[in-house]
$ cat protein00.txt   # compact mmCIF, C-alpha atoms
# COMPACT_ATOMS: atom_id res chain seq x y z
CA MET A 1 18.78 -28.40 -2.30
CA THR A 2 18.63 -26.83 -5.71
CA GLU A 3 21.49 -24.35 -5.76
CA VAL A 4 20.28 -20.79 -6.27
CA ASP A 5 22.09 -17.47 -6.24
CA PRO A 6 20.30 -15.65 -3.39
CA LYS A 7 19.90 -12.14 -4.81
CA PRO A 8 18.66 -13.14 -8.30
CA PHE A 9 16.44 -15.80 -6.70
CA LEU A 10 14.86 -13.36 -4.23
CA THR A 11 14.43 -10.78 -7.00
CA ALA A 12 12.60 -13.35 -9.13
CA ILE A 13 10.33 -14.17 -6.20
CA PHE A 14 9.52 -10.47 -5.74
CA ASN A 15 8.82 -10.10 -9.45
CA ALA A 16 6.43 -13.05 -9.35
CA ALA A 17 4.53 -11.45 -6.46
CA VAL A 18 4.26 -8.13 -8.30
CA ALA A 19 3.22 -9.80 -11.56
CA ALA A 20 0.32 -11.50 -9.79
CA ALA A 21 -1.01 -8.04 -8.86
CA ASP A 22 -0.48 -6.52 -12.32
CA PRO A 23 -3.73 -4.84 -13.41
CA GLN A 24 -3.01 -5.90 -16.99
CA ARG A 25 -3.66 -9.46 -15.79
CA THR A 26 -6.39 -8.95 -13.25
CA ILE A 27 -8.67 -6.17 -14.44
CA LYS A 28 -10.11 -8.03 -17.43
CA ASP A 29 -11.61 -10.64 -15.09
CA HIS A 30 -13.65 -8.05 -13.18
CA LEU A 31 -15.29 -5.91 -15.84
CA PRO A 32 -18.75 -4.53 -14.97
CA ALA A 33 -21.83 -4.85 -17.15
CA ARG A 34 -22.04 -2.25 -19.90
CA PRO A 35 -24.39 0.61 -19.00
CA LYS A 36 -27.13 2.23 -21.05
CA GLY A 37 -25.56 5.61 -20.47
CA ARG A 38 -22.07 7.03 -20.02
CA THR A 39 -19.03 5.31 -18.52
CA ILE A 40 -16.94 7.55 -16.27
CA VAL A 41 -13.61 6.24 -14.95
CA ILE A 42 -12.21 7.73 -11.76
CA GLY A 43 -9.43 6.57 -9.50
CA ALA A 44 -6.65 7.23 -7.05
CA GLY A 45 -3.58 5.41 -5.84
CA LYS A 46 -0.04 4.45 -6.72
CA GLY A 47 -1.35 1.85 -9.18
CA SER A 48 -4.29 3.82 -10.56
CA ALA A 49 -2.64 5.00 -13.81
CA GLN A 50 -1.65 1.46 -14.77
CA MET A 51 -5.15 0.31 -13.84
CA ALA A 52 -6.59 2.99 -16.12
CA ALA A 53 -4.34 1.94 -19.00
CA ALA A 54 -5.39 -1.67 -18.52
CA PHE A 55 -9.07 -0.74 -18.37
CA GLU A 56 -8.83 1.26 -21.59
CA LYS A 57 -7.46 -1.77 -23.42
CA VAL A 58 -10.35 -4.07 -22.52
CA TRP A 59 -13.35 -1.71 -22.43
CA ASP A 60 -15.15 -1.72 -25.78
CA ARG A 61 -17.44 1.26 -25.19
CA PRO A 62 -16.84 5.04 -25.05
CA ILE A 63 -15.25 6.18 -21.78
CA GLU A 64 -13.95 9.34 -20.21
CA GLY A 65 -12.32 9.87 -16.87
CA LEU A 66 -9.68 11.12 -14.50
CA VAL A 67 -7.35 9.36 -12.07
CA VAL A 68 -4.64 10.68 -9.76
CA THR A 69 -1.39 8.92 -8.98
CA ARG A 70 1.96 9.65 -7.38
CA TYR A 71 4.56 11.77 -9.15
CA GLY A 72 6.50 9.51 -11.52
CA TYR A 73 3.84 6.79 -11.52
CA GLY A 74 1.89 7.88 -14.59
CA ALA A 75 1.00 5.73 -17.59
CA ALA A 76 0.03 6.46 -21.17
CA CYS A 77 -3.75 6.67 -21.56
CA ARG A 78 -5.75 7.92 -24.56
CA ARG A 79 -9.15 8.61 -23.03
CA ILE A 80 -8.54 8.82 -19.29
CA GLU A 81 -6.66 11.83 -17.96
CA ILE A 82 -3.81 11.12 -15.54
CA ILE A 83 -2.91 13.65 -12.87
CA GLU A 84 0.17 13.26 -10.66
CA ALA A 85 0.36 14.53 -7.08
CA ALA A 86 2.43 14.12 -3.92
CA HIS A 87 2.70 11.06 -1.69
CA PRO A 88 2.99 10.37 1.26
CA VAL A 89 2.37 14.02 2.24
CA PRO A 90 -0.39 15.69 0.17
CA ASP A 91 0.06 18.82 -1.92
CA ALA A 92 -1.90 21.40 -3.95
CA ALA A 93 -1.92 19.17 -7.04
CA GLY A 94 -3.74 16.48 -5.08
CA LEU A 95 -6.19 19.07 -3.77
CA ALA A 96 -6.98 20.20 -7.31
CA ALA A 97 -7.34 16.57 -8.44
CA SER A 98 -9.81 15.84 -5.64
CA ARG A 99 -11.96 18.80 -6.66
CA ARG A 100 -11.94 17.70 -10.28
CA LEU A 101 -12.87 14.12 -9.36
CA LEU A 102 -15.88 15.37 -7.42
CA GLU A 103 -16.86 17.55 -10.37
CA LYS A 104 -16.44 14.62 -12.76
CA VAL A 105 -19.22 12.63 -11.07
CA GLN A 106 -21.72 15.47 -10.78
CA GLY A 107 -24.99 15.40 -12.73
CA LEU A 108 -24.98 11.68 -13.60
CA THR A 109 -28.09 9.56 -14.05
CA ALA A 110 -29.16 6.07 -13.01
CA ASP A 111 -28.22 4.87 -16.51
CA ASP A 112 -24.59 5.95 -16.09
CA LEU A 113 -21.70 3.87 -14.75
CA VAL A 114 -18.78 5.07 -12.65
CA VAL A 115 -15.78 2.74 -12.55
CA ALA A 116 -13.51 3.54 -9.60
CA LEU A 117 -9.91 2.29 -9.84
CA ILE A 118 -8.61 2.35 -6.27
CA SER A 119 -5.20 1.34 -4.94
CA GLY A 120 -3.00 2.08 -1.96
CA GLY A 121 -1.64 5.59 -1.63
CA GLY A 122 -4.94 7.22 -2.49
CA SER A 123 -5.33 8.66 1.00
CA ALA A 124 -2.46 11.11 0.50
CA LEU A 125 -3.28 11.69 -3.17
CA LEU A 126 -6.84 12.83 -2.39
CA PRO A 127 -6.63 15.74 0.05
CA SER A 128 -10.08 17.29 0.29
CA PRO A 129 -10.45 19.10 3.61
CA ALA A 130 -13.82 19.26 5.31
CA GLU A 131 -15.48 22.65 5.71
CA GLY A 132 -13.44 24.82 8.05
CA LEU A 133 -10.21 22.88 7.41
CA THR A 134 -7.36 23.61 4.99
CA LEU A 135 -4.74 21.77 2.98
CA ALA A 136 -2.25 22.79 5.68
CA ASP A 137 -4.43 20.94 8.21
CA GLU A 138 -4.42 17.80 6.03
CA ILE A 139 -0.65 18.03 5.67
CA ALA A 140 -0.25 18.34 9.45
CA VAL A 141 -2.52 15.34 9.98
CA SER A 142 -0.63 13.29 7.40
CA GLU A 143 2.72 14.05 9.00
CA ALA A 144 1.38 13.20 12.46
CA LEU A 145 -0.08 9.91 11.22
CA LEU A 146 3.14 8.89 9.49
CA ALA A 147 5.16 9.57 12.64
CA SER A 148 2.71 7.93 15.05
CA GLY A 149 3.31 4.23 14.46
CA ALA A 150 -0.45 3.69 14.12
CA PRO A 151 -1.62 0.82 11.88
CA ILE A 152 -3.01 1.74 8.48
CA ALA A 153 -6.61 0.91 9.46
CA ALA A 154 -6.49 3.41 12.32
CA MET A 155 -4.83 6.04 10.14
CA ASN A 156 -7.46 5.76 7.42
CA THR A 157 -10.34 5.83 9.90
CA ILE A 158 -9.03 9.21 11.08
CA ARG A 159 -8.52 10.48 7.53
CA LYS A 160 -12.03 9.68 6.37
CA HIS A 161 -13.55 11.82 9.14
CA LEU A 162 -11.67 14.91 7.96
CA SER A 163 -12.53 14.75 4.28
CA THR A 164 -15.20 15.59 1.71
CA ILE A 165 -14.11 12.75 -0.62
CA LYS A 166 -13.02 9.80 1.55
CA GLY A 167 -15.23 7.40 3.50
CA GLY A 168 -17.61 6.73 0.61
CA ARG A 169 -18.26 10.39 -0.13
CA LEU A 170 -16.99 10.22 -3.73
CA ALA A 171 -19.45 7.42 -4.50
CA ALA A 172 -22.23 9.30 -2.74
CA ALA A 173 -21.51 12.31 -4.97
CA ALA A 174 -21.95 10.10 -8.05
CA TYR A 175 -25.48 9.01 -7.04
CA PRO A 176 -27.77 7.95 -8.75
CA ALA A 177 -25.14 6.47 -11.09
CA LYS A 178 -23.96 2.96 -10.28
CA VAL A 179 -20.41 2.83 -8.92
CA VAL A 180 -18.27 -0.27 -9.46
CA SER A 181 -15.02 -0.17 -7.48
CA LEU A 182 -12.05 -2.25 -8.64
CA VAL A 183 -9.65 -2.36 -5.71
CA VAL A 184 -6.00 -3.37 -5.36
CA SER A 185 -5.64 -3.95 -1.63
CA ASP A 186 -2.65 -2.81 0.39
CA ILE A 187 -4.53 -3.27 3.67
CA PRO A 188 -3.91 -6.19 6.05
CA GLY A 189 -7.14 -8.18 6.00
CA ASP A 190 -8.12 -6.71 2.60
CA ASP A 191 -11.02 -4.54 3.75
CA PRO A 192 -11.72 -2.48 0.58
CA ALA A 193 -13.30 0.29 2.65
CA LEU A 194 -9.88 1.06 4.12
CA VAL A 195 -7.88 1.08 0.87
CA ALA A 196 -7.11 4.75 0.08
CA SER A 197 -9.49 5.59 2.97
CA GLY A 198 -12.40 4.24 0.94
CA PRO A 199 -13.43 7.13 -1.34
CA THR A 200 -16.09 4.93 -2.94
CA VAL A 201 -16.61 2.30 -0.23
CA PRO A 202 -18.08 3.27 3.16
CA ASP A 203 -17.44 1.35 6.37
CA ILE A 204 -18.74 1.29 9.92
CA GLY A 205 -15.77 3.09 11.51
CA SER A 206 -16.98 6.05 13.55
CA ARG A 207 -15.74 9.36 14.91
CA LYS A 208 -15.46 7.60 18.24
CA ASP A 209 -13.05 5.10 16.71
CA ALA A 210 -11.02 7.90 15.17
CA LEU A 211 -10.79 9.80 18.46
CA ALA A 212 -9.77 6.62 20.28
CA SER A 213 -6.86 6.10 17.87
CA ILE A 214 -5.76 9.73 18.16
CA ALA A 215 -5.60 9.29 21.93
CA ALA A 216 -4.02 5.83 21.84
CA TYR A 217 -1.12 6.92 19.65
CA GLY A 218 -0.59 10.29 21.28
CA MET A 219 -1.18 12.31 18.13
CA ASN A 220 -0.90 16.07 18.41
CA LEU A 221 -3.31 17.38 15.77
CA PRO A 222 -4.28 21.00 15.03
CA ALA A 223 -7.07 22.45 17.18
CA SER A 224 -9.22 22.99 14.08
CA VAL A 225 -8.93 19.29 13.24
CA MET A 226 -9.88 18.18 16.73
CA ALA A 227 -12.85 20.55 16.78
CA HIS A 228 -14.12 19.11 13.50
CA ILE A 229 -13.67 15.46 14.41
CA ASN A 230 -15.55 16.07 17.67
CA SER A 231 -18.55 17.43 15.76
CA PRO A 232 -21.35 15.56 13.93
CA ALA A 233 -20.20 17.28 10.73
CA ALA A 234 -17.35 14.74 10.61
CA ASP A 235 -19.68 11.72 10.40
CA ALA A 236 -19.13 9.66 7.25
CA PRO A 237 -21.86 7.89 5.26
CA ARG A 238 -22.76 4.43 6.55
CA PRO A 239 -22.75 1.27 4.41
CA ASP A 240 -26.56 1.03 4.66
CA ASP A 241 -27.01 4.47 3.08
CA PRO A 242 -29.45 3.93 0.15
CA ARG A 243 -27.08 5.77 -2.20
CA PHE A 244 -24.79 2.69 -2.12
CA ILE A 245 -27.39 -0.06 -2.70
CA ARG A 246 -26.63 -0.61 -6.41
CA ASN A 247 -22.87 -0.31 -6.09
CA GLU A 248 -20.37 -3.16 -6.43
CA VAL A 249 -16.90 -3.71 -5.00
CA HIS A 250 -14.38 -6.16 -6.48
CA LEU A 251 -10.99 -6.96 -4.96
CA ILE A 252 -8.79 -7.58 -8.00
CA ALA A 253 -5.39 -8.00 -6.31
CA SER A 254 -4.12 -8.57 -2.77
CA ALA A 255 -1.08 -9.55 -0.76
CA GLY A 256 -2.42 -13.07 -0.26
CA VAL A 257 -2.64 -13.79 -3.98
CA SER A 258 0.82 -12.29 -4.57
CA LEU A 259 2.43 -14.37 -1.82
CA GLU A 260 0.90 -17.53 -3.28
CA ALA A 261 2.41 -16.61 -6.66
CA ALA A 262 5.78 -16.04 -4.99
CA ALA A 263 5.57 -19.45 -3.31
CA ALA A 264 4.74 -21.08 -6.64
CA GLU A 265 7.76 -19.45 -8.28
CA ALA A 266 10.01 -20.70 -5.47
CA LYS A 267 8.67 -24.22 -5.92
CA ARG A 268 9.27 -23.96 -9.68
CA GLN A 269 12.91 -23.17 -8.86
CA GLY A 270 13.15 -26.16 -6.51
CA ILE A 271 12.68 -24.43 -3.14
CA GLN A 272 9.74 -25.18 -0.86
CA ALA A 273 8.02 -22.10 0.53
CA VAL A 274 5.85 -21.31 3.54
CA ILE A 275 3.65 -18.26 4.03
CA LEU A 276 3.58 -16.96 7.59
CA SER A 277 0.80 -14.42 6.97
CA ASP A 278 -0.32 -11.82 4.44
CA SER A 279 -1.50 -9.41 7.14
CA ILE A 280 1.37 -8.86 9.58
CA GLU A 281 1.29 -5.49 11.31
CA GLY A 282 3.34 -3.90 14.10
CA GLU A 283 6.46 -1.84 14.61
CA ALA A 284 8.82 -2.67 11.72
CA ARG A 285 11.91 -3.24 13.88
CA GLU A 286 9.99 -5.51 16.24
CA VAL A 287 8.54 -7.54 13.38
CA GLY A 288 12.07 -7.78 11.99
CA GLY A 289 13.30 -9.17 15.30
CA VAL A 290 10.57 -11.82 15.36
CA HIS A 291 11.35 -12.89 11.79
CA ALA A 292 15.04 -13.11 12.72
CA ALA A 293 14.18 -15.40 15.65
CA ILE A 294 12.20 -17.68 13.32
CA ALA A 295 15.08 -17.74 10.83
CA ARG A 296 17.57 -18.63 13.57
CA GLU A 297 15.34 -21.46 14.78
CA VAL A 298 15.09 -22.91 11.30
CA ALA A 299 18.80 -22.47 10.57
CA THR A 300 20.02 -24.00 13.84
CA ARG A 301 17.29 -26.49 14.82
CA ASN A 302 15.44 -27.21 11.58
CA ARG A 303 12.13 -26.18 13.09
CA PRO A 304 9.34 -25.15 12.72
CA PHE A 305 10.22 -25.59 9.03
CA ALA A 306 12.76 -27.95 7.52
CA LYS A 307 15.65 -26.52 5.53
CA PRO A 308 15.95 -25.54 2.74
CA VAL A 309 12.93 -23.24 2.82
CA LEU A 310 11.72 -19.84 1.72
CA ILE A 311 9.71 -17.99 4.37
CA LEU A 312 7.27 -15.43 3.00
CA SER A 313 5.18 -12.79 4.71
CA GLY A 314 3.25 -9.62 3.87
CA GLY A 315 1.07 -6.97 5.46
CA GLU A 316 1.99 -3.46 6.52
CA THR A 317 4.33 -2.66 9.35
CA THR A 318 4.68 0.82 10.82
CA VAL A 319 7.58 3.01 11.92
CA THR A 320 7.43 5.30 14.91
CA LEU A 321 9.77 8.13 13.95
CA ARG A 322 12.39 8.80 16.59
CA ALA A 323 14.69 10.80 14.30
CA LYS A 324 14.79 12.17 10.76
CA GLY A 325 16.85 9.52 9.02
CA LYS A 326 16.43 8.09 5.53
CA GLY A 327 14.46 4.93 4.88
CA GLY A 328 11.12 3.21 5.06
CA ARG A 329 9.38 0.45 6.94
CA ASN A 330 10.81 -2.39 4.81
CA SER A 331 14.43 -1.30 5.13
CA GLU A 332 13.88 -0.68 8.86
CA PHE A 333 12.40 -4.18 9.21
CA LEU A 334 15.38 -5.63 7.35
CA LEU A 335 18.01 -3.78 9.36
CA ALA A 336 16.53 -5.17 12.58
CA PHE A 337 16.40 -8.59 10.91
CA ALA A 338 20.06 -8.30 9.84
CA ILE A 339 21.10 -7.49 13.40
CA GLY A 340 19.13 -10.52 14.60
CA ILE A 341 20.83 -12.98 12.21
CA SER A 342 24.29 -11.42 12.30
CA GLY A 343 27.01 -14.05 11.85
CA MET A 344 24.67 -16.80 10.62
CA ALA A 345 25.57 -18.53 7.38
CA GLY A 346 22.99 -19.58 4.83
CA VAL A 347 20.32 -16.97 5.65
CA HIS A 348 19.42 -14.42 2.96
CA ALA A 349 16.49 -12.00 2.86
CA LEU A 350 14.73 -9.37 0.79
CA ALA A 351 12.19 -6.92 2.18
CA ALA A 352 10.54 -4.49 -0.22
CA ASP A 353 7.39 -2.52 -0.91
CA THR A 354 5.47 -3.92 -3.87
CA ASP A 355 4.84 -0.43 -5.25
CA GLY A 356 8.58 -0.01 -5.79
CA ILE A 357 9.20 2.75 -3.25
CA ASP A 358 10.07 2.20 0.41
CA GLY A 359 9.64 5.40 2.36
CA SER A 360 11.63 8.50 1.56
CA GLU A 361 14.08 7.33 -1.14
CA ASP A 362 13.92 5.63 -4.56
CA ASN A 363 14.59 2.05 -3.46
CA ALA A 364 11.89 -0.59 -3.03
CA GLY A 365 13.74 -2.15 -0.10
CA ALA A 366 16.99 -3.98 0.55
CA PHE A 367 18.80 -7.30 0.79
CA ALA A 368 20.42 -8.75 3.92
CA ASP A 369 22.31 -11.85 5.03
CA GLY A 370 24.37 -13.03 7.96
CA SER A 371 27.34 -10.91 6.87
CA THR A 372 25.41 -7.65 6.52
CA VAL A 373 26.19 -6.17 9.94
CA SER A 374 29.90 -7.04 9.77
CA ARG A 375 30.12 -5.55 6.27
CA MET A 376 28.46 -2.40 7.56
CA ARG A 377 30.98 -2.24 10.37
CA LYS A 378 33.86 -2.50 7.87
CA ALA A 379 32.26 0.34 5.89
CA GLY A 380 32.26 2.50 9.03
CA VAL A 381 28.54 2.08 9.73
CA ASP A 382 27.02 1.14 13.10
CA ALA A 383 23.89 -0.87 12.27
CA LYS A 384 22.31 -0.49 15.71
CA ALA A 385 22.92 3.27 15.83
CA LEU A 386 21.38 3.77 12.39
CA LEU A 387 18.39 1.62 13.33
CA ALA A 388 17.88 3.77 16.41
CA GLY A 389 17.92 6.86 14.17
CA ASN A 390 15.44 5.55 11.58
CA ASN A 391 18.31 5.61 9.08
CA ALA A 392 18.15 2.16 7.48
CA TRP A 393 18.64 3.49 3.94
CA THR A 394 22.05 4.86 4.88
CA ALA A 395 23.03 1.53 6.41
CA PHE A 396 22.16 -0.55 3.35
CA ASN A 397 23.50 2.03 0.92
CA ALA A 398 26.90 1.78 2.63
CA VAL A 399 27.16 -1.91 1.65
CA ASP A 400 25.44 -1.62 -1.76
CA ASP A 401 22.50 -3.77 -0.67
CA LEU A 402 19.62 -1.49 -1.63
CA PHE A 403 17.00 -3.07 -3.91
CA VAL A 404 15.75 -0.74 -6.66
CA SER A 405 12.89 -1.96 -8.82
CA GLY A 406 11.37 1.33 -9.99
CA PRO A 407 7.60 1.96 -9.86
CA THR A 408 5.76 -1.33 -10.37
CA GLY A 409 2.29 -0.08 -11.26
CA THR A 410 0.62 -1.90 -8.39
CA ASN A 411 0.61 -1.92 -4.59
CA VAL A 412 -0.15 -4.89 -2.36
CA ASN A 413 2.12 -3.61 0.38
CA ASP A 414 5.07 -5.18 2.20
CA PHE A 415 6.84 -8.20 0.75
CA ARG A 416 9.32 -10.20 2.80
CA ALA A 417 11.21 -13.29 1.62
CA ILE A 418 13.75 -15.16 3.76
CA LEU A 419 15.80 -17.95 2.14
CA ILE A 420 17.36 -20.45 4.53
CA LYS A 421 19.73 -22.90 2.88

$ encode --input "protein00.txt" --output "structure tokens"
Amino acid sequence: MTEVDPKPFLTAIFNAAVAAADPQRTIKDHLPARPKGRTIVIGAGKGSAQMAAAFEKVWDRPIEGLVVTRYGYGAACRRIEIIEAAHPVPDAAGLAASRRLLEKVQGLTADDLVVALISGGGSALLPSPAEGLTLADEIAVSEALLASGAPIAAMNTIRKHLSTIKGGRLAAAAYPAKVVSLVVSDIPGDDPALVASGPTVPDIGSRKDALASIAAYGMNLPASVMAHINSPAADAPRPDDPRFIRNEVHLIASAGVSLEAAAAEAKRQGIQAVILSDSIEGEAREVGGVHAAIAREVATRNRPFAKPVLILSGGETTVTLRAKGKGGRNSEFLLAFAIGISGMAGVHALAADTDGIDGSEDNAGAFADGSTVSRMRKAGVDAKALLAGNNAWTAFNAVDDLFVSGPTGTNVNDFRAILIK
């Protein structure tokens, strides 16, 4: 085996995955045809400001526009205005941004072009309550969704039935202008209609689907929200709506492409890599336990993959909140993984969110190896107790194993890399 230092190696693999989703690389390959009329750029998501900056560099016609991103995720743009708002729980700045985006696409003609730059995180960044609902209702829904353990597809199906901007409504407002959506997917399966709850891309999800998910995950939503979602007023536009006939949707980055880039970087450094899946979902601690079992099998029995090997996976796990600890789904995954491989030599892992922020703190994720749990114990930390309290950040902080990348300017969701020597 080529000898590699685990932490720098895993960091390089993460960086290769993020670079493959960099809008500076990908956006120029998906430019729409130049229109006869105006070009309006709109967008939302944790990567939308960087997408806007990249679009400005390669678009050779006059443009104007507005995009909203998370606080601290802005980028320098000359012609496109950048607004920052709260994520993962919406705030008044996001509400104002949603109103301005809807205003921005009013009064357009069939000769005009709207370019929508959409990335993960847009659901929280675009609060726009349906008639009879308030920002407080959207905040309550967001908090309930985040605590429920529901998969992202179910969460966004609920969100789009409570909004005046999600579920294709922003594109419908731009009619008769043509809308071209450039999407960075953070959704397992890469359905662009679910990224940021699809403000410009409708899907077939119904109120019935939303109500089924609310029931299945035991969500306690405000009475006003339940009354709205039980009424026809909540129905979202359908994909066969004639207002969408001319529109185009282009997926410009995804977890699958990023994992392939990570595997190529590993091979360049002399380590063979395997990709389990780019669309793994489920409770983060349970997924961590399964990955630990696979790592143990490889480490002890050399199956189903031969050592040395790098095991890669992506997707979006969920966390059912049982307490109010610090952390996110990637650090929670990794703490369960660390418990599962405790005492094993030669196993090293990194789990991180490709947008650079994992949950409630400023780290992207964390590192772990077979000594992690024992080192936590020496530092006075009980790994299992902190996992039970959704407090993975505290556990990894105690042993200086947090991974901090800073905002990356893109978002193709969870990244997991397990090196087995």

$ residues_around --input "protein00.txt" --residues "A:Ala210" --least-positions-apart "4" --cutoff "9 Å" --atoms "only C-alpha atoms" --output "list in words"
Ala154, Met155, Asn156, Thr157, Ile158, Arg159, His161, Gly205, Ser206, Ile214, Ala215 and Ile229 of chain A

$ residues_around --input "protein00.txt" --residues "A:Phe55" --least-positions-apart "4" --cutoff "8 Å" --atoms "all atoms listed in the file" --output "NGL selection string"
:A and (27-28 or 51 or 59)

$ residues_near_point --input "protein00.txt" --point "(-11.9, -6.4, -17.6)" --cutoff "9 Å" --atoms "only C-alpha atoms" --output "list in words"
Gln24, Arg25, Thr26, Ile27, Lys28, Asp29, His30, Leu31, Pro32, Ala54, Phe55, Lys57, Val58 and Trp59 of chain A

$ write_last_selection --input "protein00.txt" --atoms "C-alpha atoms" --output "compact mmCIF listing (two decimals), keeping the file's coordinate frame"
# COMPACT_ATOMS: atom_id res chain seq x y z
CA GLN A 24 -3.01 -5.90 -16.99
CA ARG A 25 -3.66 -9.46 -15.79
CA THR A 26 -6.39 -8.95 -13.25
CA ILE A 27 -8.67 -6.17 -14.44
CA LYS A 28 -10.11 -8.03 -17.43
CA ASP A 29 -11.61 -10.64 -15.09
CA HIS A 30 -13.65 -8.05 -13.18
CA LEU A 31 -15.29 -5.91 -15.84
CA PRO A 32 -18.75 -4.53 -14.97
CA ALA A 54 -5.39 -1.67 -18.52
CA PHE A 55 -9.07 -0.74 -18.37
CA LYS A 57 -7.46 -1.77 -23.42
CA VAL A 58 -10.35 -4.07 -22.52
CA TRP A 59 -13.35 -1.71 -22.43

$ residues_around --input "protein00.txt" --residues "A:Ala196" --least-positions-apart "3" --cutoff "8 Å" --atoms "only C-alpha atoms" --output "PDB file with C-alpha atoms, in the coordinates of the input"
ATOM      1  CA  ALA A  44      -6.650   7.230  -7.050  1.00  0.00           C
ATOM      2  CA  GLY A  45      -3.580   5.410  -5.840  1.00  0.00           C
ATOM      3  CA  ILE A 118      -8.610   2.350  -6.270  1.00  0.00           C
ATOM      4  CA  SER A 119      -5.200   1.340  -4.940  1.00  0.00           C
ATOM      5  CA  GLY A 120      -3.000   2.080  -1.960  1.00  0.00           C
ATOM      6  CA  GLY A 121      -1.640   5.590  -1.630  1.00  0.00           C
ATOM      7  CA  GLY A 122      -4.940   7.220  -2.490  1.00  0.00           C
ATOM      8  CA  SER A 123      -5.330   8.660   1.000  1.00  0.00           C
ATOM      9  CA  ALA A 124      -2.460  11.110   0.500  1.00  0.00           C
ATOM     10  CA  ASN A 156      -7.460   5.760   7.420  1.00  0.00           C
ATOM     11  CA  LYS A 166     -13.020   9.800   1.550  1.00  0.00           C
ATOM     12  CA  PRO A 199     -13.430   7.130  -1.340  1.00  0.00           C
TER      13      PRO A 199
END

$ residues_around --input "protein00.txt" --residues "A:Arg329" --least-positions-apart "2" --cutoff "7 Å" --atoms "all atoms listed in the file" --output "PyMOL selection string"
chain A and resi 284+317-319+331-333+358-359

$ closest_residue --input "protein00.txt" --among "A:Ala262, A:Ala388, A:Ile42, A:Leu95" --to "A:Val274" --atoms "all atoms listed in the file"
A:Ala262

$ closest_residue --input "protein00.txt" --among "A:Ala368, A:His250, A:Ser360, A:Ser163" --to "A:Ala292" --atoms "only C-alpha atoms"
A:Ala368

$ residues_around --input "protein00.txt" --residues "A:Asn15" --least-positions-apart "4" --cutoff "12 Å" --atoms "all atoms listed in the file" --output "ChimeraX atom specification"
/A:8-11,19-22,258-259,261-263,265-266,350,352-356,364,404-406,408,410,415,417

$ residues_near_point --input "protein00.txt" --point "(23.2, -15.6, 5.7)" --cutoff "12 Å" --atoms "only C-alpha atoms" --output "VMD selection string"
chain A and resid 6 to 7 292 295 to 296 299 337 to 350 367 to 374 418 to 421

$ atom_distance --input "protein00.txt" --atom1 "atom CA of A:Ser224" --atom2 "atom CA of A:Asp209"
18.5 Å
